[in-house]
Amino acid sequence: MDFMGINPAVLIASLMVASVPIMLAAIGELVVEKSGVLNLGVEGMMIMGAICGFAVAVETGSPLLGFLGGAAGAAALSLIFVVLTQVFLANQVATGLALTLFGLGLSSLIGQGYVGIKPPATGAVPFGPLRDIPFFGKVIFSHDWMVYASVAIIAAVWAMLKYTRAGLILRAVGESHDAAHALGYKVVRIRVLAIMFGGAMAGLGGAYISLVRVPQWTDGITAGAGWIALAIVVFASWQPWRVLIGAYLFGGITVLQLNLQAAGARIPVEYLSMSPYLITILVLVIMSSGRGRTSLNAPASLGQNFHASR
Amino acid sequence: MTRETLLTIEGLSKSYPGVKANEDVSFKIGAGEVHALLGENGAGKSTLVKMIYGLVRPDEGRMTLRGAAYEPSEPREARAAGVAMVFQHFSLFDALNVAENVALGMDNPPAQRELAQRIREVSEGYGLPLDPARLVGDLSAGERQRVEIVRCLLQDPKLLIMDEPTSVLTPQEVNILFDTLRQLSAEGTSILYISHKLEEIKALCDEATILRRGKVVGTCTPREKSAREMAEMMVGATLNAPERASAEFGDVSLQVRQLSVTPTNPFGTALRDIAFEVRRGEVFGIGGVAGNGQDELLLALSGEVKTARDCVQVNGTDIGDLGPNERRKLGLVTAPEERLGHAAAPDMSLMENALLSGDVRKGLTRKGFIDWPGTRDFARNVVEKFDVRTPGIATAARALSGGNLQKFVLGREIMQDPEVIIVNQPTWGVDAAAAAFIRQALLDLAGKGAAVVVISQDIDEIMEIADRFAALNEGRLSDPVPTKGLTIDQIGLMLGGAHGMHKAEIHHAEA
Amino acid sequence: MLRLEKRPTPSQFWAWGTPVLAVVLTMIAGGIMFALLGKDPFVAIKTIFWDPVFGEFAWYLRGQLLVKAGPLILIAVGLSLGFRAGIWNIGAEGQYIMGAIFGASVGLAVFPTESRLIFPVMIIAGAFGGWLWGMIPAILKTRFNTNEILVSLMLVYVAQTILSKAATGFLRNPQGQGFPGSRNFSTYPAASNPELIAGTGMHWGVVAAFIAVITAYVLLQRHILGFQIKLAGQAPRAARFAGVNPKKLIVLCMGISGALAGMAGLFEVAGPAGQISIDFASGYGFTAIIVAFLGRLNPLGILLAGLVMALTYVGGEMASTNLGLPSAAIQAFQGMLLFFLLAADLLSNYRVRLSLLAKETR
């Protein structure tokens, strides 16, 4: 059963793949923002993850090591953000932008030797007969392990924030760093860990782009995915499961417009390819205009630097 | 009565660049004793208790707790040793509920359900009922303080530190708090009670240590001393009560009618049907416990929040829909509570801060271009006339002490010769000398025929300078009454009695 | 142990010292990076920072400096006003592209009419295009409280798509044998933005940049509007107390920065670039963010910073042809500059002390 030459099972299956990078990056940023830090450098960290992951996978032949390398590379870049905002108390917005500009340059520098190479393939999880179930086999059981891992990470972050003491402390630090400090919590230490987690997640997402989604290396491969991840955090009003929904939504739009382009739809290609960005804006408008209690989810000290003066 | 000594403090000193916050401070607290730490704003009380609570490390000196050396390097250690603290600026999180807030202040909190049960038990047991599931941002100031106290009590403290606990309470709530503290003291818990309110200390405390400029200047047994004696030890000089030249009122200058405002932030207070009028030469006091709509009222009067046109009138002109500068043009000026960040820009110089609100009435711009020499003169005048201690007008506002900045902010508004002035918390966090100066300046302005509105949480202040008084309670303003002859109990009832007590009890009955 | 102490009043010395320190630190760190890439760091730094001004080809490269610095300064001056007010327009690249497309469309629409009015009208159209693109995040912010950072950035991607449509579609040169790209303005004198004095690189865009610097300087130093911009950025509540309307300020700042970026785009397309092409967008809109910060959001500082940044472009190209230094290395180098600047900024607001020493002196 196809619509305009598009098979719904294939569409859903591919949107799940397409949404993995932004989902990972967004859940990482959600944790960062919950701790009260705004890191606008997601795009830069993602692309560092993309090239580091790609390079490690190509050199070692192991996609798993590749993903770890991507996470490590991006986390290392996030360390610059840590030093600047947590130690040197630099403006978080400006530092995040700097991270992106630097990440784009550095990744392209590292990536010079890797253009045109194919990375080792990340295989699908062997679900055996489950894959033969009509429709669901294709939709649910045909993916590589990162697709499942990304959903598991969302679940883990949700449970951590909701049920654990660590989650409570993280939320408290993001809500009021002064009060948290007065109670004796190490505000900076907690934020550093959150930022590095965010970096690692963005790196995983970036590595997924270069290792699975594309899969090859080109300059500027992330094409704004990091920014869309930031928008998804707003869309999700800082709630983990809504990140999943948001990521699937955007993954769906991306896949759909690509399919429509391939199917030769009558809509001009340009309109289709700008649609994810326009829809991001639209969603931001809808989510931001809502007032009242939902805004409570936004961490109160988001973007403010903390300096224990006395 | 001799008590076993709980905490000994010997020769504690702590310096910050440019200030000696504490110098060679020594005293003892006995088990079950309620010990007052008395001193003005800036006398070093906060630094001292932060050292006891492990938030700040002393440069010199030592402490012993029940004979053993006590050197907490972080609050966790202090809590483990049995020291708990209720902060003046609450260490609470608005968007979290009561149980979560309590859990954050404990080192090994039980599971949520069990914790909620214990919160109920302990809070009832000490007469401070609380509902564990409510969001802290929705609580009144008094209830928020209860959260802090219950958080401490759940850990069975040996020493409870309370930093200016009554500044956010109504007189009735103060009585409830004192009952709780006496009960604790009878059970053997020591209390270090920090305050500058002498009557309270006389009513509650067994012993008192008096701090001035970081040093211990005296100890006494409060019940045996008069408030005046203690005040002189605390301030180091005799202060004159402000004087009123005359009390003749002219026409109505400021009129507020049916003023209702919905707050912009989720934990703000809605103003409901506020109405009052102030005559020329009159000082009108608006009292109330923190968070009952004071900020919202100031914003609506200053023009930062606009309302229907006829809600606010100055000298017969409707100004409800005008912005701050248009209102200034008509003679209405304001001084908000928050000095740094609202009344003044912290990183800007005093000169720039003079321009901030003085532009319109002092004519400091021409066709939009700034008259810097004129601005400089204006700033210098304010600094001189209001005795602002500053190296110069190029100094950033944040470099000034609270009292000096407040004098600058008030001076900036008063020197614009306003017809109506509205001030919120004019002497909050200001030392006694500066407070007396500011109150006198406001009275002098009224003497010159301006209508003065003083919004304050300090009842004594209002009783001292206001001609008439109205209470702001949950966004509603009571009917104004003359201040002469009002008793503290009457005022307490006008302020809303014991906030939230009723509600919490009902909650409990249902549970 | 290092300890930070907030200065009571920001340091005047470090306000000007930090950019210099940042440039020096970047040279050191960049040198290390170049060494890791197998290039002689001293030769590389000399090629980037010295040769364009004093080297063998300086007669040509000095002109190139102004060509690169012009748009950077023009855009950065606009951005700096917003940044000072706490309004983060980071989509200048998109406004730059839209300005170029709007301005070029006007010029190409009347081709081949010759009139002295054409170029001025193109400038206005360019400014309008950028203004329009900047107004979208501004209006969404004031009406719906939408984050202007994300919206203005998303609009860069949209503008890039429109650019490729323009180059391959509605602005394509009808005599270009189907190749992408518009007519070249160098063949259309009435609409072109030529070099005004041969060999200097001076064109109308550079003139506009100088005018923008002077105007912004006067605005910030002498005018109440400049004061309000600074106030709104430093203390938003105090700004409202002073009677500043934050929404007006957002519309104003986004509008100014959009219009200036749009003008920069027009000057570029009608001058140095010559035509609308797929690769017209060269990242000036993003680099201008670095320029704005490097210039400490001060118009005169931006003038200097724009020249320094132009140096890294021109010198970077030299290093790329002469030494085979990858152009991506220059991009990373520019990013590093911003890092060091942000880190060094600490010195103007905080005192750094060794806590052992601090104890003894007090």
# chains A, B, ... in the order shown; residues from 1 in each chain; ligands from 1
call {"tool": "interface_residues", "arguments": {"of": "chain B", "to": "chain A", "cutoff": "7 Å", "atoms": "only C-alpha atoms", "output": "MDAnalysis selection string"}}
result
chainID B and resid 74:76 91:93 95 104:105 266
call {"tool": "write_last_selection", "arguments": {"atoms": "C-alpha atoms", "output": "PDB file, in the first residue's frame"}}
result
ATOM      1  CA  GLU B  74      30.947  22.156  54.041  1.00  0.00           C
ATOM      2  CA  PRO B  75      27.322  22.315  55.207  1.00  0.00           C
ATOM      3  CA  ARG B  76      27.041  18.551  54.987  1.00  0.00           C
ATOM      4  CA  SER B  91      17.344  28.389  50.237  1.00  0.00           C
ATOM      5  CA  LEU B  92      14.210  27.108  48.568  1.00  0.00           C
ATOM      6  CA  PHE B  93      13.319  26.123  45.021  1.00  0.00           C
ATOM      7  CA  ALA B  95       9.361  25.010  41.063  1.00  0.00           C
ATOM      8  CA  LEU B 104      17.367  18.537  49.233  1.00  0.00           C
ATOM      9  CA  GLY B 105      18.276  19.831  52.660  1.00  0.00           C
ATOM     10  CA  PRO B 266       3.722  32.315  37.487  1.00  0.00           C
TER      11      PRO B 266
END
call {"tool": "residues_around", "arguments": {"residues": "C:Ala238", "least_positions_apart": "3", "cutoff": "10 Å", "atoms": "only C-alpha atoms", "output": "ChimeraX atom specification"}}
result
/B:336,338-346,353,356-357 /C:228,231-235,241-244
call {"tool": "residues_around", "arguments": {"residues": "A:Leu193", "least_positions_apart": "4", "cutoff": "10 Å", "atoms": "only C-alpha atoms", "output": "PyMOL selection string"}}
result
chain A and resi 31-32+35+79+82+188-189+197-199
call {"tool": "residues_around", "arguments": {"residues": "A:Ala202", "least_positions_apart": "5", "cutoff": "9 Å", "atoms": "only C-alpha atoms", "output": "list in words"}}
result
Pro21, Ile22, Leu24, Ala25, Ala26, Ile27, Gly28, Glu29, Val42, Glu43, Gly44, Met45, Met46, Ile47, Met48, Gly49, Gly70, Ala71, Ala74, Ala75, Phe197, Ala207 and Gly226 of chain A
call {"tool": "interface_residues", "arguments": {"of": "chain C", "to": "chain A", "cutoff": "8 Å", "atoms": "only C-alpha atoms", "output": "PyMOL selection string"}}
result
chain C and resi 5-6+140+143-147+150-151+153-155+157-158+161-162+165+286+290+326+328-336+338-339+342-343+345-346
call {"tool": "write_last_selection", "arguments": {"atoms": "C-alpha atoms", "output": "mmCIF file, in the first residue's frame"}}
result
data_model
loop_
_atom_site.group_PDB
_atom_site.id
_atom_site.type_symbol
_atom_site.label_atom_id
_atom_site.label_comp_id
_atom_site.auth_asym_id
_atom_site.auth_seq_id
_atom_site.Cartn_x
_atom_site.Cartn_y
_atom_site.Cartn_z
ATOM 1 C CA GLU C 5 37.365 38.455 43.044
ATOM 2 C CA LYS C 6 34.805 40.624 41.389
ATOM 3 C CA LEU C 140 8.072 36.591 16.488
ATOM 4 C CA ARG C 143 4.559 38.791 19.657
ATOM 5 C CA PHE C 144 5.136 35.205 20.743
ATOM 6 C CA ASN C 145 8.269 35.400 22.883
ATOM 7 C CA THR C 146 10.032 33.071 20.447
ATOM 8 C CA ASN C 147 13.769 32.640 20.880
ATOM 9 C CA LEU C 150 17.057 29.884 16.931
ATOM 10 C CA VAL C 151 14.698 31.658 14.555
ATOM 11 C CA LEU C 153 19.602 30.939 12.593
ATOM 12 C CA MET C 154 16.941 28.778 10.977
ATOM 13 C CA LEU C 155 16.338 31.639 8.562
ATOM 14 C CA TYR C 157 19.254 27.923 6.061
ATOM 15 C CA VAL C 158 16.081 29.173 4.434
ATOM 16 C CA THR C 161 17.914 27.668 -0.166
ATOM 17 C CA ILE C 162 16.463 30.814 -1.678
ATOM 18 C CA LYS C 165 16.991 28.962 -6.223
ATOM 19 C CA PHE C 286 29.102 34.454 11.182
ATOM 20 C CA ILE C 290 33.639 37.229 16.188
ATOM 21 C CA PRO C 326 44.182 24.173 4.704
ATOM 22 C CA ALA C 328 39.706 25.063 7.433
ATOM 23 C CA ALA C 329 42.694 25.754 9.676
ATOM 24 C CA ILE C 330 41.991 29.455 9.306
ATOM 25 C CA GLN C 331 38.376 28.936 10.296
ATOM 26 C CA ALA C 332 39.463 27.029 13.397
ATOM 27 C CA PHE C 333 41.987 29.769 14.035
ATOM 28 C CA GLN C 334 39.245 32.412 13.987
ATOM 29 C CA GLY C 335 37.121 30.317 16.346
ATOM 30 C CA MET C 336 40.073 30.073 18.703
ATOM 31 C CA LEU C 338 36.868 34.127 20.051
ATOM 32 C CA PHE C 339 37.605 31.562 22.767
ATOM 33 C CA LEU C 342 35.932 35.350 25.986
ATOM 34 C CA ALA C 343 38.368 33.840 28.463
ATOM 35 C CA ASP C 345 37.355 39.051 29.240
ATOM 36 C CA LEU C 346 37.367 37.743 32.774
#
call {"tool": "residues_around", "arguments": {"residues": "A:Val20", "least_positions_apart": "6", "cutoff": "9 Å", "atoms": "only C-alpha atoms", "output": "list in words"}}
result
Met146, Val147, Ser150, Val151, Gly205, Tyr208, Ile209, Ala247, Tyr248 and Gly251 of chain A
call {"tool": "write_last_selection", "arguments": {"atoms": "C-alpha atoms", "output": "PDB file, in the first residue's frame"}}
result
ATOM      1  CA  MET A 146      21.816   2.928  18.168  1.00  0.00           C
ATOM      2  CA  VAL A 147      18.131   3.391  17.351  1.00  0.00           C
ATOM      3  CA  SER A 150      18.711   6.372  21.829  1.00  0.00           C
ATOM      4  CA  VAL A 151      15.248   5.467  23.104  1.00  0.00           C
ATOM      5  CA  GLY A 205      24.339  11.986  17.499  1.00  0.00           C
ATOM      6  CA  TYR A 208      25.419   8.572  13.886  1.00  0.00           C
ATOM      7  CA  ILE A 209      25.089  11.038  11.029  1.00  0.00           C
ATOM      8  CA  ALA A 247      12.654  14.182  17.298  1.00  0.00           C
ATOM      9  CA  TYR A 248      10.305  11.739  15.542  1.00  0.00           C
ATOM     10  CA  GLY A 251      12.742  13.096  11.571  1.00  0.00           C
TER      11      GLY A 251
END
call {"tool": "atom_distance", "arguments": {"atom1": "atom CA of B:Glu461", "atom2": "atom CA of B:Gln88"}}
result
19.6 Å
